[in-house]
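File shown: coords32.cif (mmCIF, C-alpha atoms).
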data_protein
#
loop_
_atom_site.label_atom_id
_atom_site.label_comp_id
_atom_site.auth_asym_id
_atom_site.auth_seq_id
_atom_site.Cartn_x
_atom_site.Cartn_y
_atom_site.Cartn_z
CA MET A 1 -140.48 56.07 265.87
CA SER A 2 -138.16 54.75 268.59
CA GLU A 3 -138.57 51.25 269.96
CA ARG A 4 -139.24 50.35 273.59
CA ILE A 5 -136.19 49.23 275.54
CA ALA A 6 -135.74 47.38 278.83
CA GLN A 7 -132.62 48.05 280.83
CA LEU A 8 -131.57 44.77 282.46
CA ARG A 9 -128.99 44.03 285.11
CA ILE A 10 -127.54 40.52 284.81
CA GLU A 11 -125.66 39.28 287.86
CA LEU A 12 -124.08 35.94 288.70
CA GLN A 13 -125.46 34.51 291.93
CA GLU A 14 -123.32 33.39 294.88
CA LEU A 15 -120.14 35.28 293.99
CA LYS A 16 -118.59 38.27 295.74
CA PRO A 17 -117.46 40.68 294.58
CA LYS A 18 -120.36 40.66 292.12
CA ILE A 19 -119.86 39.84 288.44
CA TRP A 20 -122.50 41.77 286.52
CA ARG A 21 -123.53 43.41 283.26
CA ARG A 22 -126.16 46.00 282.37
CA VAL A 23 -127.71 45.85 278.91
CA ASP A 24 -130.40 47.70 276.97
CA MET A 25 -132.61 45.15 275.18
CA PRO A 26 -135.51 45.86 272.82
CA LEU A 27 -138.82 44.57 274.18
CA SER A 28 -139.27 42.86 270.80
CA SER A 29 -136.25 40.59 271.51
CA THR A 30 -136.97 36.94 272.14
CA LEU A 31 -135.51 35.15 275.13
CA GLU A 32 -133.25 33.35 272.66
CA VAL A 33 -131.73 36.71 271.66
CA LEU A 34 -131.41 37.65 275.34
CA HIS A 35 -129.52 34.37 275.85
CA GLU A 36 -127.10 35.43 273.10
CA ALA A 37 -126.69 38.87 274.70
CA ILE A 38 -125.90 37.31 278.09
CA GLN A 39 -123.37 34.96 276.51
CA VAL A 40 -121.45 37.71 274.68
CA THR A 41 -121.54 40.28 277.48
CA MET A 42 -120.65 37.90 280.31
CA GLY A 43 -117.88 36.27 278.28
CA TRP A 44 -119.35 32.76 278.07
CA THR A 45 -118.71 30.68 274.94
CA PHE A 46 -122.08 29.13 273.94
CA SER A 47 -120.64 25.73 274.97
CA HIS A 48 -123.37 24.39 277.27
CA LEU A 49 -127.11 23.99 277.71
CA TRP A 50 -129.05 26.94 279.09
CA GLU A 51 -132.52 28.01 280.15
CA PHE A 52 -134.53 30.82 281.65
CA GLU A 53 -136.69 30.14 284.71
CA ILE A 54 -139.68 32.48 284.78
CA ASN A 55 -142.63 32.00 287.12
CA GLY A 56 -142.05 28.25 287.38
CA ARG A 57 -141.67 27.68 283.64
CA HIS A 58 -138.46 26.88 281.80
CA TYR A 59 -137.56 28.42 278.42
CA GLY A 60 -134.66 27.31 276.26
CA ASP A 61 -134.14 24.75 273.52
CA PRO A 62 -137.25 22.51 273.56
CA SER A 63 -135.38 19.62 271.94
CA PHE A 64 -133.93 18.93 275.41
CA SER A 65 -137.35 18.98 277.06
CA GLY A 66 -138.45 16.14 279.29
CA LEU A 67 -135.10 14.35 279.49
CA GLY A 68 -135.17 12.19 282.60
CA ASP A 69 -136.62 14.15 285.49
CA GLU A 70 -136.08 17.48 283.77
CA PRO A 71 -139.09 19.79 283.45
CA GLU A 72 -140.69 20.68 280.15
CA ILE A 73 -138.71 23.35 278.30
CA TYR A 74 -140.64 25.85 276.22
CA ASN A 75 -139.10 27.44 273.14
CA ALA A 76 -137.19 30.59 274.14
CA GLY A 77 -137.44 31.76 270.53
CA ASN A 78 -141.22 32.05 270.88
CA LEU A 79 -141.35 34.36 273.91
CA ARG A 80 -140.53 38.05 273.71
CA LEU A 81 -139.00 40.09 276.52
CA GLY A 82 -141.88 42.56 276.24
CA THR A 83 -144.39 39.76 276.91
CA VAL A 84 -142.48 38.67 280.03
CA ILE A 85 -142.46 42.24 281.35
CA ALA A 86 -146.12 42.81 280.44
CA ARG A 87 -146.95 39.83 282.67
CA GLY A 88 -145.53 41.77 285.62
CA VAL A 89 -142.22 39.90 285.83
CA GLU A 90 -139.47 42.15 287.18
CA GLN A 91 -136.84 39.50 287.89
CA PHE A 92 -136.07 36.03 286.56
CA VAL A 93 -133.20 33.55 286.36
CA TYR A 94 -130.92 32.51 283.51
CA VAL A 95 -129.08 29.20 284.02
CA TYR A 96 -126.00 28.35 281.97
CA ASP A 97 -124.18 25.00 282.02
CA TYR A 98 -126.16 22.36 283.89
CA GLY A 99 -122.88 20.94 285.24
CA ASP A 100 -121.34 24.08 286.73
CA TYR A 101 -124.87 25.50 287.08
CA TRP A 102 -124.20 29.21 286.73
CA CYS A 103 -127.35 31.05 287.85
CA HIS A 104 -127.76 34.66 286.78
CA ASP A 105 -130.36 37.03 288.21
CA VAL A 106 -131.90 39.10 285.42
CA VAL A 107 -133.51 42.23 286.88
CA VAL A 108 -135.64 44.66 284.90
CA GLU A 109 -134.36 48.07 286.05
CA ASN A 110 -136.54 50.21 283.79
CA VAL A 111 -138.46 50.34 280.52
CA ARG A 112 -138.27 53.38 278.26
CA ASP A 113 -138.23 54.60 274.69
CA GLY A 114 -134.93 53.86 273.01
CA ASP A 115 -132.72 56.38 271.26
CA ARG A 116 -133.45 56.49 267.51
CA GLU A 117 -129.74 56.76 266.77
CA VAL A 118 -128.80 53.58 268.67
CA GLU A 119 -128.84 50.07 267.23
CA TYR A 120 -130.04 47.81 270.04
CA PRO A 121 -129.22 45.69 271.95
CA VAL A 122 -126.24 47.41 273.59
CA LEU A 123 -124.01 46.89 276.57
CA VAL A 124 -124.34 49.73 279.07
CA ASP A 125 -121.69 48.70 281.60
CA GLY A 126 -120.45 45.88 283.78
CA ALA A 127 -117.78 44.68 286.16
CA ARG A 128 -115.39 41.79 286.55
CA ARG A 129 -114.54 38.80 284.42
CA CYS A 130 -116.84 35.79 284.39
CA PRO A 131 -115.45 32.42 285.50
CA PRO A 132 -113.74 30.17 282.97
CA GLU A 133 -115.87 27.52 281.31
CA ASP A 134 -115.85 24.11 283.06
CA VAL A 135 -114.12 25.44 286.18
CA GLY A 136 -116.45 23.47 288.47
CA GLY A 137 -119.12 25.95 289.51
CA THR A 138 -118.89 28.44 292.35
CA TYR A 139 -116.60 26.36 294.58
CA GLY A 140 -114.39 25.33 291.69
CA PHE A 141 -114.06 28.97 290.69
CA MET A 142 -113.09 30.00 294.22
CA ASP A 143 -110.41 27.26 294.29
CA PHE A 144 -109.23 28.34 290.83
CA LEU A 145 -108.92 31.99 291.94
CA GLU A 146 -107.02 30.99 295.05
CA ALA A 147 -104.51 29.08 292.93
CA VAL A 148 -104.04 31.53 290.04
CA LEU A 149 -103.74 34.60 292.25
CA ASP A 150 -101.12 33.12 294.59
CA PRO A 151 -97.78 32.28 292.92
CA ALA A 152 -96.85 30.24 296.01
CA HIS A 153 -99.97 28.05 295.74
CA GLU A 154 -99.14 24.40 294.95
CA GLU A 155 -101.56 24.38 291.98
CA HIS A 156 -100.66 27.84 290.64
CA ARG A 157 -98.74 26.66 287.57
CA GLU A 158 -101.21 23.85 286.81
CA MET A 159 -104.21 26.24 286.90
CA LEU A 160 -102.44 28.81 284.73
CA GLU A 161 -101.68 26.08 282.18
CA TRP A 162 -105.25 24.77 282.32
CA TYR A 163 -106.64 28.27 281.76
CA GLY A 164 -104.04 29.15 279.14
CA GLY A 165 -102.41 32.13 280.84
CA PRO A 166 -102.96 34.67 283.58
CA PHE A 167 -106.47 35.40 284.86
CA ASP A 168 -107.37 38.83 286.24
CA PRO A 169 -110.79 38.60 287.94
CA GLU A 170 -111.16 42.40 287.90
CA GLU A 171 -110.69 42.66 284.13
CA PHE A 172 -113.86 42.97 282.08
CA ASP A 173 -113.29 42.80 278.31
CA GLU A 174 -115.76 45.55 277.51
CA ALA A 175 -114.58 45.97 273.90
CA ARG A 176 -115.27 42.29 273.16
CA ALA A 177 -118.70 42.49 274.81
CA ARG A 178 -119.62 45.60 272.83
CA PHE A 179 -118.46 43.92 269.61
CA GLY A 180 -120.65 40.89 270.35
CA MET A 181 -123.68 43.07 271.02
CA ALA A 182 -123.02 45.04 267.82
CA ASN A 183 -123.13 41.75 265.90
CA ILE A 184 -126.49 40.89 267.45
CA ALA A 185 -127.79 44.39 266.62
CA GLN A 186 -126.54 44.08 263.03
CA ARG A 187 -128.29 40.75 262.62
CA ARG A 188 -131.49 42.27 264.03
CA ARG A 189 -131.24 45.16 261.58
CA GLY A 190 -130.92 42.70 258.70
CA VAL A 191 -134.01 40.80 259.86
CA ARG A 192 -136.01 44.00 260.30
CA ALA A 193 -134.99 45.21 256.84
CA ARG A 194 -136.52 42.08 255.27
CA ILE A 195 -139.81 42.32 257.14
#

Could you render the structure as structure tokens?
Amino acid sequence: MSERIAQLRIELQELKPKIWRRVDMPLSSTLEVLHEAIQVTMGWTFSHLWEFEINGRHYGDPSFSGLGDEPEIYNAGNLRLGTVIARGVEQFVYVYDYGDYWCHDVVVENVRDGDREVEYPVLVDGARRCPPEDVGGTYGFMDFLEAVLDPAHEEHREMLEWYGGPFDPEEFDEARARFGMANIAQRRRGVRARI
């Protein structure tokens, strides 16, 4: 029997041209697994705090719940994607790095039976490279792009050194993203085999 799959489009807010990915996720996946899928497909490095915002509730690592004025954070490992969708949610937000505050729209494009021959989750497609870690949010990224793409810019060399080489905003490392998703799928297969 094939499992139920949600096709999701993940898109960074506030940037044009759009930086996005499309993934096929099993409905049985927890939000914690979806977090991992977003990290590996977008090109993030698991270096910062994160959360999902769904209908006014926050899901992530509950050990960071209630710090200062922060809202309560529910355990993302306890909520399945299928439960979110069954509640009628068609779009929600994933936040990565509370400093740079990268907000991603996660849109449910469709739900269907998966292919029996495919190990899910999988990357379907995507476009453009995500910003570097710790670049300073949307405005920092725009300043970074201006500097690295213009050899005559006064900060060109400094930004290239900071990043560690050239940066092509149009390049999406699809092979790396697919490899990361294959690792998640392999881990899922191992867990399912023990159940």

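The nearest approach to Gln39 in chain A among the residues A:Gly77, A:Pro132, A:Pro166, A:Gly180, with all atoms listed in the file taken into account, belongs to A:Gly180.
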
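On the file presented, the PyMOL selection byres ((chain A and resi 159) around 12) picks out Pro132, Val135, Gly140, Phe141, Asp143, Phe144, Leu145, Glu146, Ala147, Val148, Leu149, Asp150, Pro151, His153, Glu154, Glu155, His156, Arg157, Glu158, Leu160, Glu161, Trp162, Tyr163, Gly164, Gly165, Pro166 and Phe167 of chain A.
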
Selection near range 182-184 of chain A, 8 Å with only C-alpha atoms, sequence-local residues under 6 positions removed, as a VMD selection string
chain A and resid 33 36 to 37 119 to 122

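What separates CA of Pro71 in chain A from CA of Leu49 in chain A is a distance of 13.9 Å.
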
Within 7 Å of Glu51 in chain A, counting only C-alpha atoms, which residues show up once you throw out same-chain ones fewer than 4 positions away? Write them as a list in words, please.
His58, Tyr59, Gly60, Tyr94, Val95 and Tyr96 of chain A

Selected residue of minimal separation from Trp50 in chain A among A:Pro26, A:Gly190, A:Pro62, A:Pro131, counting only C-alpha atoms
A:Pro62

Where does range 77-110 of chain A meet range 11-17 of chain A within 12 Å, residue by residue, with the nearest atom pair and distance in Å to one decimal for each, counting all atoms listed in the file, listed by chain and rising number, as a Markdown table?
| residue | atom | partner | partner_atom | distance |
| --- | --- | --- | --- | --- |
| A:Gln91 | CA | A:Glu11 | CA | 11.2 |
| A:Phe92 | CA | A:Glu11 | CA | 11.0 |
| A:Val93 | CA | A:Gln13 | CA | 9.6 |
| A:Tyr94 | CA | A:Leu12 | CA | 9.2 |
| A:Val95 | CA | A:Leu12 | CA | 9.6 |
| A:Tyr96 | CA | A:Leu12 | CA | 10.3 |
| A:Tyr101 | CA | A:Gln13 | CA | 10.2 |
| A:Trp102 | CA | A:Leu12 | CA | 7.0 |
| A:Cys103 | CA | A:Gln13 | CA | 5.7 |
| A:His104 | CA | A:Leu12 | CA | 4.3 |
| A:Asp105 | CA | A:Glu11 | CA | 5.2 |
| A:Val106 | CA | A:Glu11 | CA | 6.7 |
| A:Val107 | CA | A:Glu11 | CA | 8.4 |
| A:Val108 | CA | A:Glu11 | CA | 11.7 |

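You can rank A:Glu70, A:Glu133, A:Glu109, A:Asp61 by their closest distance to Met25 in chain A using only C-alpha atoms, and at the top of that list sits A:Glu109.
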
Extending 8 Å beyond the listed atoms of range 175-191 of chain A on each side, what axis-aligned box results? I want centre and edge lengths in Å to one decimal, as lines of an AutoDock Vina configuration file.
center_x = -124.3
center_y = 43.4
center_z = 266.8
size_x = 35.4
size_y = 21.2
size_z = 32.1

Ref. answer, residues at most 12 Å from (-121.1, 48.1, 279.4) with all atoms listed in the file, as an NGL selection string
:A and (7-10 or 20-24 or 37-38 or 40-42 or 121-128 or 172-181)

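For the set A:Phe64, A:Trp44, A:Tyr74, A:Phe52, the residue with the smallest atom-to-atom gap to Asp134 in chain A is A:Trp44, counting only C-alpha atoms.
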
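For the atom pair formed by CA of Asp100 in chain A and CA of Thr138 in chain A, the distance is 7.5 Å, given to one decimal.
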
Kindly give the distance, in Å, that separates CA of Leu31 in chain A and CA of Ala76 in chain A, rounded to a single decimal.
5.0 Å

The residue from A:Arg129, A:Arg4, A:His48, A:Arg57 with the smallest atom-to-atom distance to Leu81 in chain A, counting only C-alpha atoms, is A:Arg4
